[in-house]
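> One file is attached below, start32.txt, containing compact mmCIF, C-alpha atoms.
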# COMPACT_ATOMS: atom_id res chain seq x y z
CA GLN A 1 -121.40 44.24 18.81
CA VAL A 2 -121.57 47.53 20.66
CA GLN A 3 -121.35 50.94 19.00
CA LEU A 4 -119.94 53.89 20.94
CA VAL A 5 -120.43 57.62 20.40
CA GLU A 6 -118.58 60.22 22.47
CA SER A 7 -119.72 63.77 23.09
CA GLY A 8 -118.96 66.69 25.37
CA GLY A 9 -115.57 67.80 24.16
CA GLY A 10 -114.68 71.40 23.51
CA LEU A 11 -112.31 74.30 24.03
CA VAL A 12 -111.81 75.37 27.64
CA GLN A 13 -109.29 77.29 29.72
CA ALA A 14 -106.88 75.80 32.21
CA GLY A 15 -108.66 75.10 35.49
CA ASP A 16 -112.04 74.57 33.87
CA SER A 17 -114.14 71.41 33.88
CA LEU A 18 -115.75 69.27 31.20
CA ARG A 19 -117.88 66.15 31.27
CA LEU A 20 -117.55 63.69 28.45
CA SER A 21 -120.27 61.18 27.66
CA CYS A 22 -120.16 57.95 25.71
CA ALA A 23 -123.45 56.51 24.51
CA ALA A 24 -123.48 52.79 23.80
CA SER A 25 -125.87 50.89 21.58
CA GLY A 26 -126.18 47.50 19.94
CA GLY A 27 -125.08 45.44 22.90
CA THR A 28 -125.72 44.79 26.58
CA PHE A 29 -123.80 47.61 28.20
CA SER A 30 -123.28 45.79 31.49
CA PHE A 31 -121.44 43.01 29.67
CA TYR A 32 -118.49 45.33 29.12
CA THR A 33 -115.67 46.83 31.09
CA MET A 34 -115.46 50.42 29.90
CA GLY A 35 -112.49 52.70 29.54
CA TRP A 36 -111.39 56.13 28.43
CA PHE A 37 -108.24 56.72 26.42
CA ARG A 38 -106.76 59.80 24.81
CA ARG A 39 -104.35 60.67 22.03
CA ALA A 40 -102.45 63.93 22.12
CA PRO A 41 -100.88 65.33 18.95
CA GLY A 42 -97.77 63.37 18.04
CA LYS A 43 -98.25 60.85 20.82
CA GLU A 44 -99.54 57.32 21.21
CA ARG A 45 -103.01 56.60 22.51
CA GLU A 46 -102.82 56.38 26.28
CA PHE A 47 -104.97 55.04 29.07
CA VAL A 48 -106.98 57.51 31.13
CA ALA A 49 -109.48 55.56 33.24
CA ALA A 50 -111.48 52.34 33.39
CA MET A 51 -114.45 50.98 35.29
CA THR A 52 -115.84 47.50 35.84
CA TRP A 53 -119.29 46.56 34.62
CA ASN A 54 -120.92 47.25 37.98
CA GLY A 55 -118.98 50.41 38.75
CA ARG A 56 -117.46 48.98 41.89
CA SER A 57 -113.86 49.21 40.73
CA THR A 58 -112.01 51.94 38.88
CA ASN A 59 -108.50 52.55 37.67
CA TYR A 60 -106.89 55.84 36.70
CA ALA A 61 -103.71 56.97 35.05
CA ASP A 62 -101.44 58.76 37.51
CA SER A 63 -101.64 61.93 35.43
CA VAL A 64 -105.40 62.30 36.03
CA LYS A 65 -105.85 60.87 39.54
CA GLY A 66 -107.71 63.27 41.78
CA ARG A 67 -108.90 65.38 38.82
CA PHE A 68 -110.89 62.98 36.61
CA THR A 69 -113.76 60.71 37.62
CA ILE A 70 -115.13 57.88 35.53
CA SER A 71 -118.71 56.73 36.04
CA ARG A 72 -121.39 54.78 34.22
CA ASP A 73 -125.14 54.47 34.14
CA ASN A 74 -126.04 50.99 32.94
CA ALA A 75 -129.72 51.89 32.77
CA LYS A 76 -128.88 54.64 30.26
CA ASN A 77 -126.10 52.71 28.49
CA THR A 78 -123.79 55.65 29.06
CA LEU A 79 -120.24 56.13 30.28
CA TYR A 80 -119.00 59.43 31.65
CA LEU A 81 -115.71 61.16 32.34
CA GLN A 82 -115.84 64.17 34.63
CA MET A 83 -112.70 66.21 34.10
CA ASN A 84 -111.84 68.92 36.62
CA SER A 85 -108.85 71.24 36.98
CA LEU A 86 -108.00 70.75 33.34
CA LYS A 87 -104.46 71.45 32.20
CA PRO A 88 -103.07 72.25 28.75
CA GLU A 89 -101.41 68.82 28.75
CA ASP A 90 -104.87 67.24 28.87
CA THR A 91 -105.42 68.44 25.32
CA ALA A 92 -106.17 65.37 23.20
CA VAL A 93 -108.80 63.42 21.37
CA TYR A 94 -110.65 61.35 23.97
CA TYR A 95 -112.00 57.92 23.12
CA CYS A 96 -114.25 55.58 25.01
CA ALA A 97 -113.71 51.87 24.61
CA ALA A 98 -115.47 48.65 25.55
CA ARG A 99 -113.93 45.38 26.62
CA PRO A 100 -116.20 42.31 26.66
CA ILE A 101 -116.18 40.49 29.97
CA LEU A 102 -115.08 36.93 29.23
CA LEU A 103 -114.01 35.82 32.71
CA PRO A 104 -115.25 36.87 36.17
CA THR A 105 -111.68 37.61 37.25
CA GLN A 106 -110.77 39.55 34.14
CA ALA A 107 -108.72 42.67 34.78
CA MET A 108 -110.02 46.04 33.65
CA GLY A 109 -107.31 46.57 31.07
CA VAL A 110 -105.08 49.60 30.64
CA THR A 111 -103.80 49.15 27.09
CA PRO A 112 -105.68 49.91 23.87
CA ARG A 113 -105.28 46.37 22.55
CA GLU A 114 -107.27 44.99 25.49
CA TYR A 115 -110.38 46.81 24.23
CA ASP A 116 -112.36 45.61 21.25
CA TYR A 117 -114.75 48.47 20.49
CA TRP A 118 -114.05 52.16 20.10
CA GLY A 119 -115.86 55.39 19.54
CA GLN A 120 -114.81 58.00 17.01
CA GLY A 121 -113.39 60.33 19.65
CA THR A 122 -114.14 63.83 20.90
CA GLN A 123 -111.63 66.69 20.92
CA VAL A 124 -110.71 68.37 24.19
CA THR A 125 -108.54 71.47 23.95
CA VAL A 126 -107.30 73.24 27.07
CA SER A 127 -105.77 76.68 26.61
CA SER A 128 -103.31 78.17 29.09
Take the structure from the file and write it as structure tokens.

Amino acid sequence: QVQLVESGGGLVQAGDSLRLSCAASGGTFSFYTMGWFRRAPGKEREFVAAMTWNGRSTNYADSVKGRFTISRDNAKNTLYLQMNSLKPEDTAVYYCAARPILLPTQAMGVTPREYDYWGQGTQVTVSS
């Protein structure tokens, strides 16, 4: 069972950048598809980005395409989310999540219920 710990959140101004990290332990990191989700105040948790175990494929929510970049370093058991051109509407708690790879053709997953393991979240606040 993998444990996930996010870091890197904070308070920034619109247009600024942040890089979130998610450190994994307790499992073989490359056995998991990894994703980022976020929950804004009063809203449901929503998909942000996902990456396959080898980093060859990614998927992004339309709202972050061109601004956010997901990456992973399997040697360091770490997932990243580079967030550029931040907007006030990006304000949320950001969570990383892990989805065990059960089938070679398994899709990355864009809904929270497709992911089995979650971190505690890190707050990102973007002021206007």
> Which residues are near A:Gly10? Cut-off 12 Å, all atoms listed in the file, ignore same chain within fewer than 6 positions. Put them as a list of chain:residue names.
A:Asp16, A:Ser17, A:Leu18, A:Arg19, A:Leu20, A:Met83, A:Leu86, A:Asp90, A:Thr91, A:Ala92, A:Val93, A:Tyr94, A:Gly121, A:Thr122, A:Gln123, A:Val124, A:Thr125, A:Val126, A:Ser127
> Contacts of A:Gln82 at 12 Å or less, counting all atoms listed in the file, minus same-chain residues fewer than 6 places along, as a compact mmCIF listing (two decimals) with C-alpha atoms, in the coordinates of the input?

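As a result, selection_14.txt now contains:
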# COMPACT_ATOMS: atom_id res chain seq x y z
CA GLY A 8 -118.96 66.69 25.37
CA GLY A 9 -115.57 67.80 24.16
CA ASP A 16 -112.04 74.57 33.87
CA SER A 17 -114.14 71.41 33.88
CA LEU A 18 -115.75 69.27 31.20
CA ARG A 19 -117.88 66.15 31.27
CA LEU A 20 -117.55 63.69 28.45
CA SER A 21 -120.27 61.18 27.66
CA CYS A 22 -120.16 57.95 25.71
CA TRP A 36 -111.39 56.13 28.43
CA VAL A 48 -106.98 57.51 31.13
CA ALA A 49 -109.48 55.56 33.24
CA VAL A 64 -105.40 62.30 36.03
CA LYS A 65 -105.85 60.87 39.54
CA GLY A 66 -107.71 63.27 41.78
CA ARG A 67 -108.90 65.38 38.82
CA PHE A 68 -110.89 62.98 36.61
CA THR A 69 -113.76 60.71 37.62
CA ILE A 70 -115.13 57.88 35.53
CA SER A 71 -118.71 56.73 36.04
CA ARG A 72 -121.39 54.78 34.22
> Go ahead and compute the interatomic distance for atom CA of A:Cys96 and atom CA of A:Val12, in Å to one decimal.
20.1 Å
> At a cut-off of 6 Å from (-113.8, 51.6, 30.2) in the coordinates of the file, what residues are picked up using all atoms listed in the file, written as a count of residues only?
8
> Of the residues A:Thr52, A:Ser7, A:Asn74, A:Asn59, which is the one nearest to A:Thr28, using all atoms listed in the file?
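Of A:Thr52, A:Ser7, A:Asn74, A:Asn59, the one nearest A:Thr28 is A:Asn74, counting all atoms listed in the file.
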> Closest to A:Leu79 among A:Gln1, A:Gln106, A:Ser128, A:Ser30, using all atoms listed in the file?
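Closest to A:Leu79, using all atoms listed in the file: A:Ser30.
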> Given only C-alpha atoms as the basis, pick out the residue of A:Ser85, A:Gln3, A:Ser25, A:Thr111 nearest to A:Ala61.
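Ranked by minimum distance to A:Ala61, first place goes to A:Thr111.
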> Atom CA of A:Gly55 and atom CA of A:Tyr80 are how many Å apart?
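Interatomic distance here is 11.5 Å.
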> What is the distance, in Å and to one decimal place, between atom CA of A:Gln120 and atom CA of A:Leu103?
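Separation of atom CA of A:Gln120 and atom CA of A:Leu103: 27.2 Å.
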> Which one is closest to A:Asp116: A:Arg56, A:Glu46, A:Ala75, A:Tyr32? Count only C-alpha atoms.
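Of all the options, A:Tyr32 lies closest to A:Asp116.
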> Counting only C-alpha atoms, which residue out of A:Leu11, A:Leu4, A:Gly27, A:Leu81 sits closest to A:Thr58?
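Smallest distance to A:Thr58 is found for A:Leu81.
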> With all atoms listed in the file as the basis for distance, which of A:Tyr95, A:Val2, A:Glu44, A:Thr78 is at the shortest distance from A:Tyr117?
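Of the candidates, the smallest distance to A:Tyr117 is held by A:Val2.
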